[in-house]
Amino acid sequence: MSSRSRLSLTTLAVGVSLSTVAGVMMRHLLRRASSLSLTAAVMPRLPSTVQKYSQVPAKGSFTAKKIPKGLLKQHNTKAGTWGVIRIQQGRLRYQINEPQPAIFELDEENSGIIEPQVLHEVAPLTDDLLFVVEFYREAGTGPVKETREA
């Protein structure tokens with residue numbers, strides 16, 4: 001057998017071995033992936049029955065350099081309180097920490113919905129960021145007594 005023939009047979013054997021290993025690995029990965037629950041993050045929806053009762057800041061907007069420290073770390077709203085993060089300019093990272101963690105990039109066309117009592121946090125993504133947070137609740141739930149960091 002010539003050295004060229006041996007080289008061809010070796011290449012063929014290595015190719016078959018690699019394709020066999022790749023096939024086994026691919027089947028394993030596909031089986032594993034099918035057992036995982038892979039779902040895309042979906043922004044919660046604001047109920048049509050809630051009414052706006054407050055906004056922070058009351059005048060003007062938060063900026064990338066003037067975001068209250070409480071918003072930059074994990075926090076939540078009270079029971080029955082919904083929020084909407086409205087971006088006026090720039091981009092903001094909105095991270096929902098529970099029950100299913102998700103990260104969203106908010107901009108002028110994509111607001112963030114905050115569900116009652118769900119832990120979340122934000123972080124500026126651009127220096128030109130301007131945004132407000134609006135608060136909503138069901139009608140007729142009484143007065144709201146809250147103190148917020150300005």
# chains A, B, ... in the order shown; residues from 1 in each chain; ligands from 1
call {"tool": "select_by_dssp", "arguments": {"residues": "range 29-131 of chain A", "states": "helix (DSSP H, G or I)", "output": "list in words"}}
result
Leu29, Leu30, Arg31, Arg32, Ala33, Ser34, Ser35, Lys69, Gly70, Leu71 and Leu72 of chain A
call {"tool": "write_last_selection", "arguments": {"atoms": "N, CA and C atoms", "output": "PDB file, in the first residue's frame"}}
result
ATOM      1  N   LEU A  29     -26.872  16.912  22.895  1.00  0.00           N
ATOM      2  CA  LEU A  29     -27.255  18.304  23.097  1.00  0.00           C
ATOM      3  C   LEU A  29     -28.718  18.547  22.759  1.00  0.00           C
ATOM      4  N   LEU A  30     -29.197  17.934  21.678  1.00  0.00           N
ATOM      5  CA  LEU A  30     -30.598  18.099  21.290  1.00  0.00           C
ATOM      6  C   LEU A  30     -31.536  17.506  22.335  1.00  0.00           C
ATOM      7  N   ARG A  31     -31.187  16.330  22.858  1.00  0.00           N
ATOM      8  CA  ARG A  31     -32.003  15.723  23.922  1.00  0.00           C
ATOM      9  C   ARG A  31     -32.006  16.623  25.146  1.00  0.00           C
ATOM     10  N   ARG A  32     -30.850  17.145  25.504  1.00  0.00           N
ATOM     11  CA  ARG A  32     -30.734  18.016  26.680  1.00  0.00           C
ATOM     12  C   ARG A  32     -31.534  19.304  26.481  1.00  0.00           C
ATOM     13  N   ALA A  33     -31.417  19.907  25.314  1.00  0.00           N
ATOM     14  CA  ALA A  33     -32.133  21.156  25.026  1.00  0.00           C
ATOM     15  C   ALA A  33     -33.640  20.945  25.060  1.00  0.00           C
ATOM     16  N   SER A  34     -34.099  19.802  24.591  1.00  0.00           N
ATOM     17  CA  SER A  34     -35.540  19.566  24.576  1.00  0.00           C
ATOM     18  C   SER A  34     -36.095  19.382  25.979  1.00  0.00           C
ATOM     19  N   SER A  35     -35.218  19.044  26.937  1.00  0.00           N
ATOM     20  CA  SER A  35     -35.694  18.885  28.314  1.00  0.00           C
ATOM     21  C   SER A  35     -35.673  20.207  29.069  1.00  0.00           C
ATOM     22  N   LYS A  69     -30.366  56.220  44.164  1.00  0.00           N
ATOM     23  CA  LYS A  69     -29.624  54.979  44.440  1.00  0.00           C
ATOM     24  C   LYS A  69     -30.554  53.792  44.647  1.00  0.00           C
ATOM     25  N   GLY A  70     -31.738  54.051  45.199  1.00  0.00           N
ATOM     26  CA  GLY A  70     -32.700  52.971  45.437  1.00  0.00           C
ATOM     27  C   GLY A  70     -33.157  52.286  44.158  1.00  0.00           C
ATOM     28  N   LEU A  71     -33.188  53.026  43.051  1.00  0.00           N
ATOM     29  CA  LEU A  71     -33.608  52.430  41.775  1.00  0.00           C
ATOM     30  C   LEU A  71     -32.508  51.574  41.159  1.00  0.00           C
ATOM     31  N   LEU A  72     -31.249  51.883  41.500  1.00  0.00           N
ATOM     32  CA  LEU A  72     -30.115  51.155  40.927  1.00  0.00           C
ATOM     33  C   LEU A  72     -29.884  49.798  41.581  1.00  0.00           C
TER      34      LEU A  72
END
call {"tool": "residues_around", "arguments": {"residues": "Ile103 in chain A", "least_positions_apart": "3", "cutoff": "7 Å", "atoms": "only C-alpha atoms", "output": "count of residues only"}}
result
4
call {"tool": "atom_distance", "arguments": {"atom1": "CA of Leu130 in chain A", "atom2": "CA of Arg45 in chain A"}}
result
22.3 Å
call {"tool": "residues_around", "arguments": {"residues": "Lys52 in chain A", "least_positions_apart": "5", "cutoff": "7 Å", "atoms": "only C-alpha atoms", "output": "list in words"}}
result
Glu134, Phe135, Tyr136 and Arg137 of chain A
call {"tool": "closest_residue", "arguments": {"among": "A:Val84, A:Ser48, A:Leu129, A:Val42", "to": "Lys66 in chain A", "atoms": "only C-alpha atoms"}}
result
A:Leu129
call {"tool": "residues_around", "arguments": {"residues": "Lys78 in chain A", "least_positions_apart": "5", "cutoff": "10 Å", "atoms": "only C-alpha atoms", "output": "PyMOL selection string"}}
result
chain A and resi 115-118+146
call {"tool": "select_by_dssp", "arguments": {"residues": "range 20-143 of chain A", "states": "strand (DSSP E)", "output": "ChimeraX atom specification"}}
result
/A:50-56,62-63,82-89,92-96,102-106,112-114,120-124,130-138
call {"tool": "atom_distance", "arguments": {"atom1": "CA of Val122 in chain A", "atom2": "CA of His75 in chain A"}}
result
9.7 Å
call {"tool": "atom_distance", "arguments": {"atom1": "CA of Pro47 in chain A", "atom2": "CA of Pro101 in chain A"}}
result
20.8 Å
